[in-house]
Structure formats: structure tokens, C-alpha cells
Amino acid sequence: MRAQESRISVALGDDLGCYPVEVWDLELDHLDMFTEEVIDALNAISWAEGNEFPSHSSVSARTAQHNWGASGSFSEIVMQLSLGTAGGVGATAITAAIKATYEKLRGRAQGDPWQSMPSTEDAVRLARSRIHRHYDVDVEKLTVVRSNIDSETQRYDLEFSHEDGRKFGATVGAMTGLPSCTRVWVEGTEPIPRPVPEPTNPGN
């Protein structure tokens, strides 16, 4: 399936059963690739460290079609990648691989939701929604403590404090000229296990 709207995420952490340390998000319109092709492209990231075996990872994908006056299609692909002992050169290689993969995907799309650099308010709103998506936190409990803008690279660097003591960060426009790419992360906490999904009812 080639979706009209595609949301792609790479989540990095030490334990795939816990919330990630950081997540790279990319949203594209009319990506000229089947879901399986996107997954193949993402799998290259797990080999970024140049080891004999790839880093531990998992990939999930869901697709949907909708029709409310005009038909459309949507896909969401999430890769979870274990950092393990990655650090220094290893972490740098993984980041470089994510950027290179996202640049290739961007080249196969007609565009992205942001045609120009978003306003500060839109960047903050986008960052809050990404943090909520990946960390299940109430956006109303996130307070902006730092906001920097780099007009040359079209990038916002934001930091938020949460009432439970955690600090969240976000970069909107994580790659030059690609403001729809965001990176979010969390600091000041031990790894927190993700909730176990409720089993589906076979009668539904």
C-alpha cells in the first residue's frame, strides 16, 4: 500500500519494553513506497554500528483508509531500536543512519505537512503532541523552560519540565529544510516499562 499520509518513527532506548530515550519522527505526504519498502529502508539503521550482527530492533506498521467526503489513506511505521551499549561512535553512527534514511524517504515523497518553517506556537504545539504520543504524558503538565530558534537551519530547540520532575526536550526541524522531522527525548528518569496492551477480544 502507498499511503497518502505517512508517519514514520525510530525510537531508541536500552530496553524495547520501556519508553524510549529518544524518538525521531517524520511525516510525509504521498510517499512513493510500499510499506514493506519503508520497513526495508529502516532496517538498514540497525546495521549502522558496523557490527557482525544488527542491533536488536522491532518494527510495527498499521495502515488505514478513510472516506469522509474525500477518500484517503494513512500509514504509521514505528521502529524500536535498542541502543544496548552504543555510545560515542556507535550512537553517532545510528544518528547519521537515521538522518540518511529519512533524507532518502523524503526524496521519494511529494512533500511534507510543513511547507515552510512553523511559528514558535506551532513548533511548541507539535513538540507537545510528539511527547504525548511517545511518552503518554498530559500536555497540560508540560511547561516550556527553554525555546531557541535557529533561522538559518530552520530549527527549534525546546525544553519542557513536567510536574513529576522529568525533563523533556524536542527539536522541530531536526534536519535542515525538513521542519516536519522532529526529535523528542526524556531525561531525569530511570527506564519506565510501557503498559502491557490489553488483549483483543476475539468476538470483536
# chains A, B, ... in the order shown; residues from 1 in each chain; ligands from 1
>>> residues_around(residues="A:Met79", least_positions_apart="2", cutoff="6 Å", atoms="only C-alpha atoms", output="list in words")
Val10, Ser58 and Val59 of chain A
>>> write_last_selection(atoms="N, CA, C and O atoms", output="CSV table (one decimal), in the first residue's frame")
chain,number,residue,atom,x,y,z
A,10,VAL,N,11.4,6.4,14.6
A,10,VAL,CA,12.5,5.5,15.0
A,10,VAL,C,12.7,5.8,16.5
A,10,VAL,O,13.1,6.9,16.8
A,58,SER,N,12.6,-3.9,16.6
A,58,SER,CA,11.3,-4.4,16.2
A,58,SER,C,10.7,-3.3,15.4
A,58,SER,O,10.9,-2.1,15.6
A,59,VAL,N,9.8,-3.7,14.4
A,59,VAL,CA,9.1,-2.8,13.6
A,59,VAL,C,7.6,-3.2,13.6
A,59,VAL,O,7.3,-4.3,13.4
>>> atom_distance(atom1="atom CA of A:Asn43", atom2="atom CA of A:Thr63")
18.9 Å
>>> select_by_dssp(residues="stretch 13-196 of chain A", states="strand (DSSP E)", output="ChimeraX atom specification")
/A:13,22-31,57-67,71-82,109-111,142-150,155-162,167-172,182-187
>>> residues_around(residues="stretch 143-155 of chain A", least_positions_apart="5", cutoff="7 Å", atoms="only C-alpha atoms", output="NGL selection string")
:A and (117 or 160-162 or 171-174 or 176-177 or 179)
>>> write_last_selection(atoms="N, CA and C atoms", output="PDB file, in the first residue's frame")
ATOM      1  N   MET A 117       8.854  27.073   7.522  1.00  0.00           N
ATOM      2  CA  MET A 117       9.173  26.963   8.940  1.00  0.00           C
ATOM      3  C   MET A 117       7.961  27.351   9.779  1.00  0.00           C
ATOM      4  N   PHE A 160      11.074  21.169  28.064  1.00  0.00           N
ATOM      5  CA  PHE A 160       9.875  21.225  28.890  1.00  0.00           C
ATOM      6  C   PHE A 160      10.161  20.575  30.242  1.00  0.00           C
ATOM      7  N   SER A 161       9.545  21.099  31.284  1.00  0.00           N
ATOM      8  CA  SER A 161       9.587  20.432  32.579  1.00  0.00           C
ATOM      9  C   SER A 161       8.218  19.822  32.834  1.00  0.00           C
ATOM     10  N   HIS A 162       8.211  18.696  33.525  1.00  0.00           N
ATOM     11  CA  HIS A 162       6.968  18.015  33.890  1.00  0.00           C
ATOM     12  C   HIS A 162       6.849  18.047  35.401  1.00  0.00           C
ATOM     13  N   THR A 171      13.351  18.794  19.306  1.00  0.00           N
ATOM     14  CA  THR A 171      13.915  19.564  18.206  1.00  0.00           C
ATOM     15  C   THR A 171      12.938  19.460  17.054  1.00  0.00           C
ATOM     16  N   VAL A 172      12.418  20.571  16.629  1.00  0.00           N
ATOM     17  CA  VAL A 172      11.496  20.622  15.485  1.00  0.00           C
ATOM     18  C   VAL A 172      12.290  21.137  14.295  1.00  0.00           C
ATOM     19  N   GLY A 173      12.337  20.334  13.237  1.00  0.00           N
ATOM     20  CA  GLY A 173      13.221  20.650  12.120  1.00  0.00           C
ATOM     21  C   GLY A 173      14.580  20.064  12.400  1.00  0.00           C
ATOM     22  N   ALA A 174      14.587  18.758  12.699  1.00  0.00           N
ATOM     23  CA  ALA A 174      15.823  18.100  13.125  1.00  0.00           C
ATOM     24  C   ALA A 174      16.859  17.998  12.015  1.00  0.00           C
ATOM     25  N   THR A 176      18.097  20.075   8.311  1.00  0.00           N
ATOM     26  CA  THR A 176      17.960  21.317   7.563  1.00  0.00           C
ATOM     27  C   THR A 176      16.914  21.193   6.462  1.00  0.00           C
ATOM     28  N   GLY A 177      15.992  22.133   6.453  1.00  0.00           N
ATOM     29  CA  GLY A 177      14.976  22.152   5.410  1.00  0.00           C
ATOM     30  C   GLY A 177      13.894  21.112   5.567  1.00  0.00           C
ATOM     31  N   PRO A 179      11.337  20.727   8.370  1.00  0.00           N
ATOM     32  CA  PRO A 179      10.713  21.047   9.659  1.00  0.00           C
ATOM     33  C   PRO A 179       9.699  20.031  10.130  1.00  0.00           C
TER      34      PRO A 179
END
>>> residues_around(residues="stretch 120-136 of chain A", least_positions_apart="5", cutoff="9 Å", atoms="only C-alpha atoms", output="VMD selection string")
chain A and resid 11 19 to 20 23 25 142 144 147 149 156 158 160 168 to 172 182 to 186 194
>>> atom_distance(atom1="atom CA of A:Leu81", atom2="atom CA of A:Phe34")
21.5 Å
>>> residues_around(residues="A:Leu31", least_positions_apart="4", cutoff="12 Å", atoms="only C-alpha atoms", output="list in words")
Met1, Arg2, Ala3, Gln4, Glu5, Ser6, Arg7, Ile8, Leu26, Glu27, Thr35, Glu37, Val38, Ser73, Phe74, Ser75, Glu76, Tyr102, Lys104, Leu105, Arg106, Gly107, Arg108, Ala109, Gln110, Gly111 and Asp112 of chain A
>>> select_by_dssp(residues="chain A", states="helix (DSSP H, G or I)", output="PyMOL selection string")
chain A and resi 35-47+89-107+120-135+139-141
>>> closest_residue(among="A:Ala96, A:Ile192, A:Leu42, A:Ala64", to="A:Val21", atoms="only C-alpha atoms")
A:Ile192
>>> residues_around(residues="A:Ala97", least_positions_apart="5", cutoff="12 Å", atoms="only C-alpha atoms", output="list in words")
Val10, Trp24, Ala41, Leu42, Asn43, Ala44, Ile45, Ser46, Trp47, Ala48, Glu49, Gly50, Gly90, Ala91, Thr92, Tyr102, Glu103 and Lys104 of chain A
>>> closest_residue(among="A:Pro54, A:Glu187, A:Cys18, A:Met175", to="A:Thr95", atoms="only C-alpha atoms")
A:Met175
